[in-house]
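Everything below belongs to start-v8.txt, which stores compact mmCIF, C-alpha atoms and all ligand atoms.
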```txt
# COMPACT_ATOMS: atom_id res chain seq x y z
CA MET A 26 8.77 22.02 14.09
CA ARG A 27 7.88 25.45 12.73
CA ALA A 28 6.66 25.97 9.16
CA LYS A 29 9.20 28.80 8.88
CA LYS A 30 11.94 26.23 8.58
CA TYR A 31 10.52 25.21 5.19
CA TYR A 32 9.27 28.55 3.87
CA ASN A 33 10.23 31.91 5.25
CA PRO A 34 9.58 34.79 2.80
CA LYS A 35 10.97 37.25 5.36
CA GLY A 36 14.22 35.33 5.60
CA GLU A 37 17.58 36.80 4.68
CA ASN A 38 18.78 37.33 1.13
CA ILE A 39 20.08 34.09 -0.30
CA LEU A 40 23.58 35.58 -0.74
CA ASP A 41 23.66 36.45 2.96
CA GLU A 42 23.00 32.91 4.18
CA LYS A 43 25.99 31.82 6.25
CA ILE A 44 26.80 28.28 7.30
CA PHE A 45 26.32 29.14 10.95
CA GLY A 46 23.42 31.24 12.26
CA GLY A 47 20.78 33.21 10.39
CA SER A 48 17.44 32.59 8.85
CA PRO A 49 17.16 31.18 5.30
CA THR A 50 14.11 31.74 3.08
CA GLY A 51 13.93 28.03 2.29
CA PHE A 52 15.08 27.99 -1.35
CA VAL A 53 17.92 25.97 -2.86
CA ASP A 54 19.10 28.27 -5.68
CA PHE A 55 22.12 26.93 -7.55
CA ASN A 56 22.38 30.15 -9.54
CA ARG A 57 22.95 32.32 -6.50
CA SER A 58 25.59 30.88 -4.32
CA ARG A 59 27.22 32.80 -1.49
CA TYR A 60 30.18 30.45 -1.87
CA ARG A 61 31.27 29.23 -5.31
CA TRP A 62 32.89 26.08 -3.97
CA ASP A 63 29.60 24.55 -2.87
CA SER A 64 28.04 24.30 -6.34
CA ASN A 65 31.41 23.39 -7.91
CA ILE A 66 31.87 20.50 -5.48
CA TYR A 67 28.28 19.43 -6.08
CA ASP A 68 28.93 19.25 -9.85
CA LEU A 69 32.17 17.34 -9.36
CA MET A 70 30.45 14.89 -6.99
CA ASN A 71 27.81 14.27 -9.62
CA ALA A 72 30.41 13.84 -12.35
CA ASN A 73 32.09 11.20 -10.18
CA THR A 74 28.91 9.14 -9.82
CA TRP A 75 29.64 5.41 -9.88
CA PHE A 76 27.95 2.17 -8.95
CA PRO A 77 29.45 -0.85 -7.17
CA SER A 78 28.24 -3.04 -10.05
CA GLU A 79 30.79 -1.32 -12.33
CA VAL A 80 33.61 -3.08 -10.46
CA ASN A 81 34.42 -6.60 -11.60
CA THR A 82 34.26 -8.78 -8.49
CA VAL A 83 33.69 -12.13 -10.22
CA ASN A 84 37.09 -13.51 -9.13
CA GLU A 85 37.21 -11.91 -5.69
CA LYS A 86 36.68 -15.14 -3.75
CA LYS A 87 39.33 -17.01 -5.71
CA ASN A 88 41.77 -14.10 -5.39
CA PHE A 89 41.09 -13.67 -1.67
CA GLU A 90 41.81 -17.36 -1.04
CA LEU A 91 45.20 -17.03 -2.75
CA LEU A 92 46.32 -14.35 -0.26
CA THR A 93 48.60 -15.35 2.60
CA GLU A 94 47.00 -15.63 6.03
CA ASN A 95 48.33 -12.24 7.11
CA GLU A 96 47.20 -10.61 3.89
CA GLN A 97 43.72 -12.05 4.41
CA ALA A 98 43.67 -10.63 7.94
CA ILE A 99 44.75 -7.19 6.66
CA TYR A 100 42.05 -7.34 3.98
CA LYS A 101 39.32 -8.26 6.45
CA LEU A 102 40.35 -5.87 9.23
CA THR A 103 40.74 -3.03 6.73
CA PHE A 104 37.28 -3.45 5.24
CA ALA A 105 35.77 -4.02 8.68
CA GLN A 106 37.10 -0.60 9.75
CA LEU A 107 36.46 1.33 6.52
CA SER A 108 32.86 0.11 6.46
CA PHE A 109 32.38 1.51 9.96
CA ASN A 110 33.70 4.91 8.82
CA ASP A 111 31.12 5.18 6.05
CA SER A 112 28.25 3.96 8.23
CA ALA A 113 29.17 6.49 10.91
CA GLN A 114 29.64 9.34 8.45
CA GLU A 115 26.18 8.89 6.94
CA GLU A 116 24.64 9.40 10.38
CA TYR A 117 27.01 12.17 11.40
CA LEU A 118 26.43 14.17 8.22
CA SER A 119 22.69 14.01 8.80
CA ASP A 120 23.22 15.52 12.24
CA PHE A 121 25.75 18.11 11.04
CA ARG A 122 23.44 19.09 8.18
CA ARG A 123 20.73 19.95 10.70
CA LEU A 124 23.08 22.46 12.35
CA ALA A 125 23.86 24.22 9.06
CA ASN A 126 21.97 27.27 7.80
CA ASN A 127 23.04 27.85 4.16
CA ARG A 128 20.65 25.90 1.96
CA LEU A 129 23.10 25.19 -0.85
CA VAL A 130 25.73 23.81 1.53
CA LYS A 131 23.00 21.62 3.00
CA ALA A 132 22.08 20.40 -0.50
CA VAL A 133 25.71 19.37 -1.12
CA LEU A 134 25.71 17.51 2.20
CA SER A 135 22.59 15.65 1.04
CA LEU A 136 24.50 14.37 -1.98
CA GLN A 137 27.45 13.44 0.21
CA ILE A 138 25.13 11.43 2.46
CA MET A 139 23.95 9.51 -0.61
CA GLN A 140 27.57 8.81 -1.59
CA GLU A 141 28.45 7.46 1.87
CA VAL A 142 25.50 5.07 1.55
CA ASN A 143 26.85 4.05 -1.86
CA HIS A 144 30.18 3.25 -0.18
CA SER A 145 28.40 1.05 2.36
CA LYS A 146 26.68 -0.74 -0.48
CA SER A 147 30.01 -1.24 -2.26
CA TYR A 148 31.56 -2.99 0.78
CA ALA A 149 28.54 -5.30 0.90
CA VAL A 150 28.86 -6.13 -2.82
CA LEU A 151 32.62 -6.72 -2.56
CA LEU A 152 32.56 -8.81 0.61
CA ASP A 153 29.63 -10.84 -0.65
CA ALA A 154 31.73 -11.65 -3.72
CA ALA A 155 34.71 -12.52 -1.47
CA GLY A 156 32.45 -14.82 0.54
CA ASN A 157 33.21 -13.29 3.95
CA SER A 158 30.64 -10.52 4.36
CA GLY A 159 29.06 -11.72 7.63
CA GLU A 160 32.45 -12.44 9.18
CA VAL A 161 33.94 -9.05 8.25
CA PHE A 162 30.93 -6.96 9.28
CA ASP A 163 30.93 -8.75 12.67
CA LEU A 164 34.66 -8.47 13.35
CA TYR A 165 34.19 -5.54 15.76
CA LYS A 166 32.69 -8.04 18.19
CA TYR A 167 35.87 -10.10 18.35
CA ASP A 168 38.72 -7.71 17.58
CA ALA A 169 39.41 -5.34 20.46
CA ALA A 170 41.67 -3.00 18.44
CA LEU A 171 39.06 -2.60 15.70
CA ASN A 172 36.38 -1.97 18.28
CA ARG A 173 38.59 0.60 19.98
CA LYS A 174 39.29 2.54 16.77
CA ASN A 175 35.57 2.64 15.92
CA GLN A 176 34.75 3.71 19.47
CA ARG A 177 37.33 6.51 19.52
CA ILE A 178 36.11 7.85 16.16
CA ALA A 179 32.50 7.76 17.35
CA GLU A 180 33.41 9.60 20.54
CA GLN A 181 35.25 12.35 18.69
CA PHE A 182 32.27 12.73 16.34
CA ALA A 183 29.72 12.89 19.13
CA ARG A 184 31.54 15.47 21.25
CA TYR A 185 30.34 18.68 19.57
CA ILE A 186 27.42 17.56 17.43
CA GLU A 187 24.80 19.32 19.53
CA GLY A 188 26.14 22.59 18.13
CA GLY A 189 24.86 25.82 19.70
CA SER A 190 27.80 28.02 18.76
CA ALA A 191 30.00 28.69 15.75
CA GLU A 192 32.94 27.28 17.70
CA LYS A 193 31.19 23.99 18.40
CA MET A 194 30.21 23.77 14.75
CA LEU A 195 33.81 24.37 13.71
CA LEU A 196 34.94 21.55 16.01
CA SER A 197 32.18 19.39 14.59
CA ALA A 198 33.39 20.09 11.02
CA MET A 199 36.89 19.10 12.17
CA ALA A 200 35.64 15.61 13.02
CA SER A 201 34.72 15.21 9.34
CA VAL A 202 38.08 16.60 8.16
CA ASN A 203 39.68 13.88 10.29
CA LEU A 204 37.39 11.17 8.96
CA GLU A 205 37.64 12.06 5.28
CA GLY A 206 41.32 12.96 5.48
CA ILE A 207 42.93 10.59 8.01
CA TYR A 208 40.92 7.57 9.21
CA PHE A 209 40.57 6.08 5.71
CA LEU A 210 44.11 6.58 4.56
CA LEU A 211 46.13 3.65 5.90
CA GLY A 212 43.21 1.38 4.92
CA PHE A 213 43.28 2.66 1.34
CA ALA A 214 47.05 2.23 1.23
CA TYR A 215 46.93 -1.36 2.54
CA ILE A 216 44.49 -2.41 -0.18
CA TYR A 217 46.74 -0.76 -2.78
CA VAL A 218 49.72 -2.66 -1.32
CA LEU A 219 47.79 -5.91 -1.97
CA GLY A 220 46.98 -4.35 -5.36
CA ASP A 221 46.92 -6.76 -8.30
CA LYS A 222 46.32 -9.72 -6.00
CA VAL A 223 42.81 -8.43 -5.29
CA PRO A 224 41.80 -6.24 -8.27
CA GLY A 225 38.13 -6.17 -7.19
CA ALA A 226 38.97 -4.65 -3.80
CA ARG A 227 41.57 -2.33 -5.35
CA ASP A 228 39.14 -0.98 -7.94
CA MET A 229 36.36 -0.51 -5.41
CA ILE A 230 38.75 1.46 -3.18
CA LYS A 231 39.82 3.58 -6.16
CA PHE A 232 36.25 4.83 -6.54
CA ILE A 233 35.74 5.34 -2.80
CA ALA A 234 39.06 7.15 -2.36
CA ARG A 235 38.22 9.49 -5.23
CA ASP A 236 34.98 10.51 -3.50
CA GLU A 237 36.60 10.96 -0.09
CA LEU A 238 39.73 12.79 -1.19
CA ASN A 239 38.62 14.78 -4.25
CA THR A 240 35.25 16.01 -3.02
CA HIS A 241 34.35 15.15 0.60
CA LEU A 242 37.64 16.41 2.06
CA PRO A 243 37.59 19.68 0.02
CA LEU A 244 33.93 20.15 1.03
CA PHE A 245 34.72 19.97 4.73
CA ALA A 246 37.93 21.96 4.39
CA ASN A 247 35.83 24.74 2.82
CA ILE A 248 33.11 24.43 5.44
CA PHE A 249 35.79 24.69 8.12
CA LYS A 250 37.51 27.72 6.59
CA THR A 251 34.19 29.47 6.00
CA ILE A 252 32.98 29.05 9.59
CA HIS A 253 36.43 30.18 10.78
CA LYS A 254 36.35 33.27 8.55
CA GLU A 255 32.76 34.32 9.23
CA ASN A 256 32.81 34.02 13.02
CA LYS A 257 34.96 35.05 15.93
CA ILE A 258 36.84 31.94 16.94
CA SER A 259 38.87 31.92 20.15
CA THR A 260 42.45 30.74 20.41
CA SER A 261 41.36 28.04 22.83
CA THR A 262 39.04 26.60 20.16
CA ILE A 263 41.93 26.51 17.70
CA ASP A 264 43.94 24.71 20.40
CA ASP A 265 41.08 22.20 20.61
CA ILE A 266 41.23 21.75 16.80
CA TYR A 267 44.92 20.87 17.11
CA GLY A 268 44.01 18.50 19.94
CA MET A 269 41.48 16.78 17.67
CA ILE A 270 43.94 16.20 14.83
CA LYS A 271 46.58 14.92 17.27
CA GLU A 272 43.98 12.50 18.57
CA ALA A 273 43.11 11.49 14.97
CA VAL A 274 46.77 10.76 14.24
CA ASP A 275 46.97 8.67 17.40
CA ILE A 276 43.78 6.75 16.48
CA GLU A 277 45.06 6.02 12.97
CA LEU A 278 48.54 4.98 14.11
CA GLU A 279 47.30 2.87 17.01
CA TYR A 280 45.29 0.66 14.65
CA GLY A 281 48.07 0.77 12.05
CA ARG A 282 50.65 -0.48 14.55
CA TYR A 283 48.30 -3.20 15.76
CA LEU A 284 47.85 -4.56 12.22
CA LEU A 285 51.58 -4.30 11.56
CA GLU A 286 52.58 -6.17 14.72
CA ASN A 287 50.03 -8.94 14.41
CA TYR A 288 49.78 -9.38 10.65
CA PRO A 289 53.08 -8.21 9.12
CA ILE A 290 53.08 -8.09 5.32
CA MET A 291 55.71 -7.10 2.79
CA GLY A 292 56.24 -3.40 2.29
CA LEU A 293 54.87 -2.07 5.57
CA THR A 294 56.95 -0.76 8.46
CA GLU A 295 56.19 1.34 11.52
CA ASP A 296 58.43 4.13 10.30
CA LEU A 297 56.57 4.18 6.97
CA ILE A 298 53.09 4.39 8.47
CA GLU A 299 54.17 7.10 10.93
CA LYS A 300 55.68 9.29 8.22
CA THR A 301 52.61 8.72 6.06
CA VAL A 302 50.09 9.70 8.72
CA TYR A 303 52.14 12.75 9.84
CA ASN A 304 52.39 13.95 6.25
CA TYR A 305 48.66 13.54 5.73
CA ALA A 306 47.88 15.37 8.97
CA ASN A 307 50.11 18.31 7.96
CA ASP A 308 48.41 18.45 4.59
CA ARG A 309 44.96 18.48 6.21
CA LEU A 310 46.02 21.33 8.52
CA GLU A 311 47.19 23.33 5.51
CA LYS A 312 43.94 22.60 3.70
CA ILE A 313 41.94 24.13 6.59
CA GLY A 314 44.24 27.15 6.79
CA LEU A 315 46.24 26.18 9.89
CA GLU A 316 49.95 25.69 10.44
CA PRO A 317 51.28 22.13 10.14
CA ILE A 318 52.69 20.78 13.42
CA PHE A 319 53.89 17.25 12.66
CA GLU A 320 57.32 16.17 11.52
CA GLN A 321 57.28 16.41 7.73
CA SER A 322 58.95 13.83 5.46
CA SER A 323 59.18 13.55 1.72
CA GLN A 324 56.18 11.87 0.09
CA THR A 325 56.12 8.23 1.23
CA TYR A 326 55.64 5.07 -0.80
CA LEU A 327 52.12 4.69 0.63
CA GLN A 328 51.20 8.28 -0.25
CA LYS A 329 52.51 7.70 -3.76
CA LEU A 330 50.35 4.59 -4.08
CA VAL A 331 47.25 6.50 -2.99
CA GLN A 332 48.07 9.40 -5.31
CA LYS A 333 48.78 7.13 -8.27
CA HIS A 334 45.39 5.46 -8.00
CA LEU A 335 43.71 8.83 -7.54
CA ASN A 336 45.30 10.17 -10.71
CA MET A 337 44.27 7.09 -12.68
CA ASN A 338 40.70 7.71 -11.71
CA ASP A 339 40.51 11.48 -11.89
CA VAL A 340 37.71 12.72 -14.10
CA ARG A 341 38.07 16.31 -13.05
CA SER A 342 40.07 17.54 -16.05
CA ASN A 343 37.84 15.84 -18.63
CA PHE A 344 34.76 16.82 -16.72
CA PHE A 345 35.60 20.49 -16.67
CA GLU A 346 36.71 20.52 -20.30
CA SER A 347 33.47 18.97 -21.47
CA ASN A 348 31.28 21.17 -19.30
CA VAL A 349 32.87 24.54 -19.85
CA SER A 350 29.53 26.26 -20.41
CA ASN A 351 28.45 25.38 -16.88
CA TYR A 352 31.39 27.33 -15.56
CA ALA A 353 31.13 30.51 -17.57
CA LYS A 354 29.78 32.27 -14.50
CA SER A 355 31.96 30.82 -11.81
CA SER A 356 35.46 29.73 -11.13
CA ILE A 357 36.25 26.04 -11.38
CA ASP A 358 38.28 26.44 -8.23
CA LEU A 359 37.08 24.26 -5.36
CA ASP A 360 38.44 26.76 -2.90
CA ASP A 361 37.21 30.34 -2.56
CA PHE A 362 39.51 31.64 0.09
FE FE B 1 32.64 7.33 2.21
FE FE B 2 33.19 10.67 2.76
```
Do you think you could lay out the structure here as structure tokens?
Amino acid sequence: MRAKKYYNPKGENILDEKIFGGSPTGFVDFNRSRYRWDSNIYDLMNANTWFPSEVNTVNEKKNFELLTENEQAIYKLTFAQLSFNDSAQEEYLSDFRRLANNRLVKAVLSLQIMQEVNHSKSYAVLLDAAGNSGEVFDLYKYDAALNRKNQRIAEQFARYIEGGSAEKMLLSAMASVNLEGIYFLLGFAYIYVLGDKVPGARDMIKFIARDELNTHLPLFANIFKTIHKENKISTSTIDDIYGMIKEAVDIELEYGRYLLENYPIMGLTEDLIEKTVYNYANDRLEKIGLEPIFEQSSQTYLQKLVQKHLNMNDVRSNFFESNVSNYAKSSIDLDDF
């Protein structure tokens, strides 16, 4: 490891530091940001700080035991999968961060890594309260469909993480767009369908969903669009991006259909989960500046549930009102382009 990585007085001007390629001086300067969205997302992430102990889980065991057998299975298989996503993302972000050049973007990724660890901690707190922590965290050993979803996500993550070119880094960022924007979504919706029956789980998911959808997804959408804008990206790479989101939709629906067929519960149908995942995938494509390709439906019941809980928990408006002075110099927009 060269000392230059830490301190490089001959490095490029801080405003010239791109996400891919280049040579940073080694300073994290929040007052000089090449991209406004990075420091805005950092501030919003901080404003959203929460701790698992804030969620009341005292009655979780009693509430869990009152669920029907199928509802219990949905609960366990959902948390078993979501907890994998956060564990994997912590590791993946650490690897992706190493590929990045811009120091402020790297600083925001450091905070995101901390938040993913907080999500892992929250699953442990919740499942401990529900009395099934060991069983749920070990389910991948016994449930082939769960194991397969985890495996497919891990493989998509690993494919381009060595980096080496702007195109590989763009593909690598896409894996995070898929994780933050697709692999969590049916899981969130299922817990909201159980809703008042398991308020501890519902409230924990409300906090986690706010982090994933209000800050982590916008962060990676911006990283994606920035790499795309600042580098020459071939059409075949964009084709590969479409291939990755099609695969993500398939991964999400495969597990969704498995749960539906084996553990049917009120309010969930195959048609509903398909429309939901297609709508989300189109939205994610629009967020990264690409054309939607999936059949679009009007907002589904599951999307409305996710949105409703997001709105209930949104601190953004209050946060920006009470911190106006912080934003005198920069836009509050999370999106520069
Ligand atoms: Fe997370
Ligand atoms: Fe995340």
What does the distance from atom CA of Thr260 of chain A to atom CA of Leu315 of chain A come to in Å, to one decimal?
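Taking atom CA of Thr260 of chain A as the start and atom CA of Leu315 of chain A as the end point, the length is 12.1 Å.
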Pull the neighbourhood of (28.3, 23.8, -5.9) for me: all residues within 9 Å in file coordinates, counting only C-alpha atoms, as a list in words.
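Within the cut-off we find Phe55, Ser58, Tyr60, Arg61, Trp62, Asp63, Ser64, Asn65, Ile66, Tyr67, Asp68, Leu69, Leu129, Val130, Ala132, Val133 and Leu359 of chain A.
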For chain A versus ligand FE 1 (chain B), which residues have an atom no more than 7 Å away, and what is each residue's nearest atom pair and distance in Å rounded to one decimal, using all atoms listed in the file, chain-then-number order, as JSON lines?
```
{"residue": "A:Asp111", "atom": "CA", "partner": "B:FE1", "partner_atom": "FE", "distance": 4.7}
{"residue": "A:Gln140", "atom": "CA", "partner": "B:FE1", "partner_atom": "FE", "distance": 6.5}
{"residue": "A:Glu141", "atom": "CA", "partner": "B:FE1", "partner_atom": "FE", "distance": 4.2}
{"residue": "A:His144", "atom": "CA", "partner": "B:FE1", "partner_atom": "FE", "distance": 5.3}
{"residue": "A:Ile233", "atom": "CA", "partner": "B:FE1", "partner_atom": "FE", "distance": 6.2}
{"residue": "A:Asp236", "atom": "CA", "partner": "B:FE1", "partner_atom": "FE", "distance": 6.9}
{"residue": "A:Glu237", "atom": "CA", "partner": "B:FE1", "partner_atom": "FE", "distance": 5.8}
```
Keeping only C-alpha atoms, write those residues as a CSV table (one decimal), in the coordinates of the input.
```csv
chain,number,residue,atom,x,y,z
A,111,ASP,CA,31.1,5.2,6.0
A,140,GLN,CA,27.6,8.8,-1.6
A,141,GLU,CA,28.4,7.5,1.9
A,144,HIS,CA,30.2,3.2,-0.2
A,233,ILE,CA,35.7,5.3,-2.8
A,236,ASP,CA,35.0,10.5,-3.5
A,237,GLU,CA,36.6,11.0,-0.1
```
Counting all atoms listed in the file, the residue of A:Phe121, A:Tyr217, A:Tyr31, A:Phe209 that sits nearest ligand FE 2 (chain B):
A:Phe209
Hey, which residues come within 12 Å of ligand FE 2 (chain B) if we count all atoms listed in the file? Could you give them as number ranges by chain?
A: 70, 107-118, 134-145, 200-210, 232-245
Would you mind telling me which residue in A:Glu160, A:Glu255, A:Asp120, A:Glu85 lies nearest to Phe45 of chain A when using all atoms listed in the file?
A:Glu255
Which distance in Å separates atom CA of Met291 of chain A and atom CA of Asn307 of chain A, to one decimal?
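Computing it gives 26.5 Å between the two atoms.
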Please list as an mmCIF file with C-alpha atoms, in the coordinates of the input every residue within 12 Å of Tyr165 of chain A, counting only C-alpha atoms and excluding residues in the same chain fewer than 6 positions away.
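Result file is part.cif:
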```cif
data_model
loop_
_atom_site.group_PDB
_atom_site.id
_atom_site.type_symbol
_atom_site.label_atom_id
_atom_site.label_comp_id
_atom_site.auth_asym_id
_atom_site.auth_seq_id
_atom_site.Cartn_x
_atom_site.Cartn_y
_atom_site.Cartn_z
ATOM 1 C CA LYS A 101 39.320 -8.260 6.450
ATOM 2 C CA LEU A 102 40.350 -5.870 9.230
ATOM 3 C CA THR A 103 40.740 -3.030 6.730
ATOM 4 C CA PHE A 104 37.280 -3.450 5.240
ATOM 5 C CA ALA A 105 35.770 -4.020 8.680
ATOM 6 C CA GLN A 106 37.100 -0.600 9.750
ATOM 7 C CA LEU A 107 36.460 1.330 6.520
ATOM 8 C CA SER A 108 32.860 0.110 6.460
ATOM 9 C CA PHE A 109 32.380 1.510 9.960
ATOM 10 C CA GLY A 159 29.060 -11.720 7.630
ATOM 11 C CA LEU A 171 39.060 -2.600 15.700
ATOM 12 C CA ASN A 172 36.380 -1.970 18.280
ATOM 13 C CA ARG A 173 38.590 0.600 19.980
ATOM 14 C CA LYS A 174 39.290 2.540 16.770
ATOM 15 C CA ASN A 175 35.570 2.640 15.920
ATOM 16 C CA GLN A 176 34.750 3.710 19.470
#
```
Which residue of A:Arg57, A:Ser190, A:Leu284, A:Asn304 approaches Asp168 of chain A most closely, using all atoms listed in the file:
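Closest to Asp168 of chain A of all the choices is A:Leu284.
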Counting only C-alpha atoms, which residue out of A:Lys35, A:Arg227, A:His253, A:Lys29 sits closest to Met194 of chain A?
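For Met194 of chain A, the nearest of the given residues is A:His253.
Our summary of the geometry notes that atom CA of Val331 of chain A is positioned 22.0 Å from atom CA of Asn71 of chain A.
Using only C-alpha atoms, the shortest contact distance between Asp308 of chain A and any of A:Ser322, A:Ser197, A:Thr294, A:Asn56 is found at A:Ser322.
Counting only C-alpha atoms and comparing A:Gly51, A:Pro224, A:Gly281, A:Gly189, the residue that lies closest to Leu293 of chain A is A:Gly281.
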With a distance cut-off of 8 Å and only C-alpha atoms, select the neighbouring residues of Met229 of chain A, excluding the residue or stretch itself and same-chain residues fewer than 2 positions from it, and output the selection as a VMD selection string.
chain A and resid 77 80 147 151 225 to 227 231 to 233
Taking 6 positions as the minimum chain separation for residues in the same chain, which residues sit within 10 Å of Glu299 of chain A when counting only C-alpha atoms? Answer as a list in words.
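That gives Val274, Asp275, Glu277, Leu278, Gly281, Arg282, Tyr305, Glu320, Ser322 and Thr325 of chain A.
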